[in-house]
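Report on one structure; see the data block that follows.
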Amino acid sequence: MTTMKMKAEKREATKYSAVRELRNSGRTPGVVYGPDLGSIPVHVDSKQLQVQARRGGADIFSLTLDNGKDVQVLLKDVQRREGRIMHVDFLQVSSKKPITVSVPLDFHGEAPGTKVGGILQTQTNELDVSGLAKDLPSTLVVDVSKLEIGDTITAADVELPDGVELISHGEDILVSVAVPRVADEDLETPTASDEEAAGEEAKDEASDEEKTEE
């Protein structure tokens with residue numbers, strides 16, 4: 001959890017023209033909802049929201065409402081258009097009930113397989129986990145420093161903090177070191193010399209057949 005705070009103001013008008021004016025004034029419309037709140041339409045500072053969005057969806061922070069109440073929330077859904085955040089859903093987080101979030105992956109190290117021509121391929125940048133708010137990490141570190149060509153790291157290989165449960169399928173591949181495509185093509189595609197040799201062999205066979213018939 002972080003100590004970051006964001007102030008939310010209640011949004012009375014919901015018409016498109018009013019929402020457009022909000023965005024033009026540097027505010028982003030959204031809604032905050034949860035078991036103690038119901039659903040409250042709000043708007044927040046766009047720049048501050050952009051900073052928080054870069055932290056990732058699993059980052060829990062404090063949202064201050066008009067009545068002065070601080071609510072622990074996370075970004076449940078962020079709608080973007082051409083990179084700009086158009087709408088945001090804040091989900092109230094309970095300190096006693098586990099929640100499911102998508103935690104960003106932080107790939108560390110250099111795979112030895114890439115030094116001999118292998119290609120590092122990441123299949124996903126986040127992992128779904130569940131746990132109490134106090135136990136959820138902001139990121140999960142994935143160490144690739146032991147990957148040789150052909151090696152993979154799956155969701156089940158990632159070490160999770162105590163109290164956090166994996167929701168993604170354990171067999172899901174997160175990152176791998178693949179055989180270079182060029183090497184594969186070299187193995188499968190005949191070279192010019194191979195084709196010439198095959199042509200000569202075919203001519204010889206045809207000549208032998210003609211001699212036999214004579």
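Identifiers for the structure tokens are assigned positionally: chains receive A, B, ... in sequence, residues are indexed from 1 per chain, and ligands are indexed from 1 in the order shown.
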TODO: Determine which residues of region 2-212 of chain A DSSP labels as helix (DSSP H, G or I) from the backbone of this structure, then write them out as a ChimeraX atom specification.
DONE: /A:16-24,46-55,112-116,133-135,155-157,181-188,192-212
Open item on the list: Report as JSON, numbers by chain all protein, DNA and RNA residues lying within 12 Å of Val93 (chain A), evaluated on only C-alpha atoms, omitting residues in the same chain fewer than 5 positions from it.
Closed with: {"A": [1, 32, 33, 34, 35, 36, 37, 58, 59, 60, 61, 62, 63, 70, 71, 72, 73, 74, 75, 76, 98, 99, 100, 101, 131, 132, 133, 134, 136]}
Mind writing the picked residues with N, CA, C and O atoms as an mmCIF file, in the first residue's frame?
```cif
data_model
loop_
_atom_site.group_PDB
_atom_site.id
_atom_site.type_symbol
_atom_site.label_atom_id
_atom_site.label_comp_id
_atom_site.auth_asym_id
_atom_site.auth_seq_id
_atom_site.Cartn_x
_atom_site.Cartn_y
_atom_site.Cartn_z
ATOM 1 N N MET A 1 0.833 -1.191 0.000
ATOM 2 C CA MET A 1 0.000 0.000 0.000
ATOM 3 C C MET A 1 0.873 1.248 0.000
ATOM 4 O O MET A 1 1.991 1.228 0.479
ATOM 5 N N VAL A 32 -16.739 5.993 -7.862
ATOM 6 C CA VAL A 32 -16.155 5.223 -6.763
ATOM 7 C C VAL A 32 -17.269 4.384 -6.159
ATOM 8 O O VAL A 32 -18.369 4.884 -5.898
ATOM 9 N N TYR A 33 -17.002 3.093 -5.986
ATOM 10 C CA TYR A 33 -18.048 2.218 -5.467
ATOM 11 C C TYR A 33 -17.453 1.198 -4.501
ATOM 12 O O TYR A 33 -16.251 0.920 -4.519
ATOM 13 N N GLY A 34 -18.332 0.655 -3.653
ATOM 14 C CA GLY A 34 -17.894 -0.319 -2.664
ATOM 15 C C GLY A 34 -19.009 -0.625 -1.686
ATOM 16 O O GLY A 34 -20.079 0.011 -1.713
ATOM 17 N N PRO A 35 -18.799 -1.593 -0.803
ATOM 18 C CA PRO A 35 -19.851 -2.031 0.118
ATOM 19 C C PRO A 35 -20.330 -0.934 1.064
ATOM 20 O O PRO A 35 -21.488 -0.951 1.489
ATOM 21 N N ASP A 36 -19.485 0.024 1.400
ATOM 22 C CA ASP A 36 -19.869 1.083 2.333
ATOM 23 C C ASP A 36 -20.315 2.362 1.625
ATOM 24 O O ASP A 36 -20.740 3.316 2.274
ATOM 25 N N LEU A 37 -20.229 2.379 0.296
ATOM 26 C CA LEU A 37 -20.452 3.622 -0.434
ATOM 27 C C LEU A 37 -21.610 3.563 -1.413
ATOM 28 O O LEU A 37 -22.218 4.591 -1.717
ATOM 29 N N ALA A 58 -2.693 -2.577 -9.152
ATOM 30 C CA ALA A 58 -2.665 -3.208 -7.838
ATOM 31 C C ALA A 58 -2.249 -2.237 -6.737
ATOM 32 O O ALA A 58 -2.199 -2.610 -5.575
ATOM 33 N N ASP A 59 -1.944 -1.003 -7.092
ATOM 34 C CA ASP A 59 -1.467 -0.028 -6.119
ATOM 35 C C ASP A 59 -2.654 0.590 -5.385
ATOM 36 O O ASP A 59 -3.511 1.239 -5.998
ATOM 37 N N ILE A 60 -2.720 0.401 -4.075
ATOM 38 C CA ILE A 60 -3.836 0.893 -3.266
ATOM 39 C C ILE A 60 -3.467 2.247 -2.668
ATOM 40 O O ILE A 60 -2.363 2.443 -2.178
ATOM 41 N N PHE A 61 -4.400 3.190 -2.723
ATOM 42 C CA PHE A 61 -4.141 4.541 -2.225
ATOM 43 C C PHE A 61 -5.394 5.101 -1.583
ATOM 44 O O PHE A 61 -6.458 4.466 -1.565
ATOM 45 N N SER A 62 -5.282 6.313 -1.051
ATOM 46 C CA SER A 62 -6.376 6.936 -0.314
ATOM 47 C C SER A 62 -7.086 7.971 -1.181
ATOM 48 O O SER A 62 -6.455 8.851 -1.764
ATOM 49 N N LEU A 63 -8.403 7.843 -1.278
ATOM 50 C CA LEU A 63 -9.228 8.789 -2.021
ATOM 51 C C LEU A 63 -10.065 9.581 -1.024
ATOM 52 O O LEU A 63 -10.827 9.006 -0.245
ATOM 53 N N ASP A 70 -11.708 9.568 4.114
ATOM 54 C CA ASP A 70 -10.678 8.911 3.312
ATOM 55 C C ASP A 70 -11.062 7.454 3.090
ATOM 56 O O ASP A 70 -11.346 6.723 4.044
ATOM 57 N N VAL A 71 -11.060 7.056 1.832
ATOM 58 C CA VAL A 71 -11.429 5.693 1.471
ATOM 59 C C VAL A 71 -10.254 5.032 0.761
ATOM 60 O O VAL A 71 -9.651 5.626 -0.143
ATOM 61 N N GLN A 72 -9.911 3.823 1.179
ATOM 62 C CA GLN A 72 -8.848 3.072 0.514
ATOM 63 C C GLN A 72 -9.404 2.461 -0.764
ATOM 64 O O GLN A 72 -10.395 1.721 -0.745
ATOM 65 N N VAL A 73 -8.773 2.788 -1.893
ATOM 66 C CA VAL A 73 -9.278 2.333 -3.192
ATOM 67 C C VAL A 73 -8.134 1.848 -4.083
ATOM 68 O O VAL A 73 -6.956 2.063 -3.772
ATOM 69 N N LEU A 74 -8.511 1.240 -5.183
ATOM 70 C CA LEU A 74 -7.573 0.953 -6.267
ATOM 71 C C LEU A 74 -8.276 1.255 -7.589
ATOM 72 O O LEU A 74 -9.505 1.374 -7.642
ATOM 73 N N LEU A 75 -7.485 1.395 -8.632
ATOM 74 C CA LEU A 75 -8.042 1.654 -9.955
ATOM 75 C C LEU A 75 -8.548 0.331 -10.525
ATOM 76 O O LEU A 75 -7.760 -0.532 -10.891
ATOM 77 N N LYS A 76 -9.859 0.194 -10.587
ATOM 78 C CA LYS A 76 -10.432 -1.066 -11.062
ATOM 79 C C LYS A 76 -10.552 -1.092 -12.573
ATOM 80 O O LYS A 76 -10.367 -2.119 -13.221
ATOM 81 N N PRO A 98 -10.474 -10.494 1.003
ATOM 82 C CA PRO A 98 -9.483 -10.566 -0.093
ATOM 83 C C PRO A 98 -10.068 -10.019 -1.387
ATOM 84 O O PRO A 98 -11.278 -10.110 -1.624
ATOM 85 N N ILE A 99 -9.213 -9.457 -2.201
ATOM 86 C CA ILE A 99 -9.622 -8.949 -3.505
ATOM 87 C C ILE A 99 -8.702 -9.530 -4.571
ATOM 88 O O ILE A 99 -7.578 -9.948 -4.279
ATOM 89 N N THR A 100 -9.199 -9.552 -5.799
ATOM 90 C CA THR A 100 -8.408 -10.037 -6.926
ATOM 91 C C THR A 100 -7.965 -8.854 -7.766
ATOM 92 O O THR A 100 -8.789 -8.017 -8.152
ATOM 93 N N VAL A 101 -6.670 -8.778 -8.045
ATOM 94 C CA VAL A 101 -6.112 -7.674 -8.828
ATOM 95 C C VAL A 101 -5.105 -8.214 -9.839
ATOM 96 O O VAL A 101 -4.628 -9.340 -9.723
ATOM 97 N N GLY A 131 -5.720 -11.542 -2.485
ATOM 98 C CA GLY A 131 -5.239 -11.445 -1.105
ATOM 99 C C GLY A 131 -5.814 -10.225 -0.421
ATOM 100 O O GLY A 131 -6.535 -9.423 -1.036
ATOM 101 N N LEU A 132 -5.501 -10.073 0.843
ATOM 102 C CA LEU A 132 -5.911 -8.874 1.566
ATOM 103 C C LEU A 132 -5.115 -7.680 1.060
ATOM 104 O O LEU A 132 -3.978 -7.821 0.601
ATOM 105 N N ALA A 133 -5.711 -6.500 1.168
ATOM 106 C CA ALA A 133 -5.076 -5.290 0.647
ATOM 107 C C ALA A 133 -3.676 -5.087 1.221
ATOM 108 O O ALA A 133 -2.751 -4.693 0.509
ATOM 109 N N LYS A 134 -3.497 -5.386 2.485
ATOM 110 C CA LYS A 134 -2.205 -5.155 3.143
ATOM 111 C C LYS A 134 -1.117 -6.088 2.635
ATOM 112 O O LYS A 134 0.076 -5.802 2.771
ATOM 113 N N LEU A 136 -1.015 -7.353 -0.657
ATOM 114 C CA LEU A 136 -0.831 -7.313 -2.110
ATOM 115 C C LEU A 136 0.378 -6.467 -2.499
ATOM 116 O O LEU A 136 0.530 -5.337 -2.037
#
```
Task: Contacts of region 65-67 of chain A within 8 Å, only C-alpha atoms, excl. fewer than 6 positions in-chain, as number ranges by chain - done: A: 7-10
Next, dump the selected residues to file, keeping only all heavy atoms, as a CSV table (one decimal), in the first residue's frame.
```csv
chain,number,residue,atom,x,y,z
A,7,LYS,N,-7.8,13.7,-4.1
A,7,LYS,CA,-9.1,14.2,-3.7
A,7,LYS,C,-10.1,14.0,-4.9
A,7,LYS,O,-9.8,14.3,-6.0
A,7,LYS,CB,-8.9,15.7,-3.4
A,7,LYS,CG,-10.2,16.3,-2.9
A,7,LYS,CD,-10.0,17.8,-2.5
A,7,LYS,CE,-11.3,18.4,-2.0
A,7,LYS,NZ,-11.2,19.8,-1.6
A,8,ALA,N,-11.3,13.6,-4.5
A,8,ALA,CA,-12.4,13.4,-5.4
A,8,ALA,C,-13.5,14.3,-5.1
A,8,ALA,O,-13.9,14.4,-3.9
A,8,ALA,CB,-12.8,12.0,-5.4
A,9,GLU,N,-14.1,15.0,-6.1
A,9,GLU,CA,-15.2,15.8,-5.9
A,9,GLU,C,-16.5,15.2,-6.6
A,9,GLU,O,-16.4,14.5,-7.6
A,9,GLU,CB,-15.0,17.2,-6.6
A,9,GLU,CG,-13.9,18.0,-5.9
A,9,GLU,CD,-13.7,19.3,-6.6
A,9,GLU,OE1,-14.6,19.8,-7.2
A,9,GLU,OE2,-12.6,19.9,-6.4
A,10,LYS,N,-17.6,15.3,-5.9
A,10,LYS,CA,-18.8,14.6,-6.4
A,10,LYS,C,-19.2,15.3,-7.7
A,10,LYS,O,-19.2,16.5,-7.9
A,10,LYS,CB,-19.9,14.7,-5.4
A,10,LYS,CG,-21.1,13.9,-5.7
A,10,LYS,CD,-22.1,13.9,-4.6
A,10,LYS,CE,-23.3,13.0,-4.9
A,10,LYS,NZ,-24.3,12.9,-3.9
```
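Between CA of Ala155 (chain A) and CA of Val51 (chain A) the separation is 27.8 Å.
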Give one line per residue of region 56-154 of chain A that approaches region 158-169 of chain A to at most 6 Å, naming the two atoms of the closest pair and their distance in Å to one decimal, counting only C-alpha atoms; sort by chain then ascending residue number and deliver it as JSON lines.
```
{"residue": "A:Asp128", "atom": "CA", "partner": "A:Ser168", "partner_atom": "CA", "distance": 5.1}
{"residue": "A:Val129", "atom": "CA", "partner": "A:Leu166", "partner_atom": "CA", "distance": 4.6}
{"residue": "A:Ser130", "atom": "CA", "partner": "A:Glu165", "partner_atom": "CA", "distance": 5.1}
{"residue": "A:Gly131", "atom": "CA", "partner": "A:Val164", "partner_atom": "CA", "distance": 4.7}
```
Task: Selection near His87 (chain A), 8 Å with only C-alpha atoms, sequence-local residues under 3 positions removed, as a PyMOL selection string - done: chain A and resi 28-30+78-80
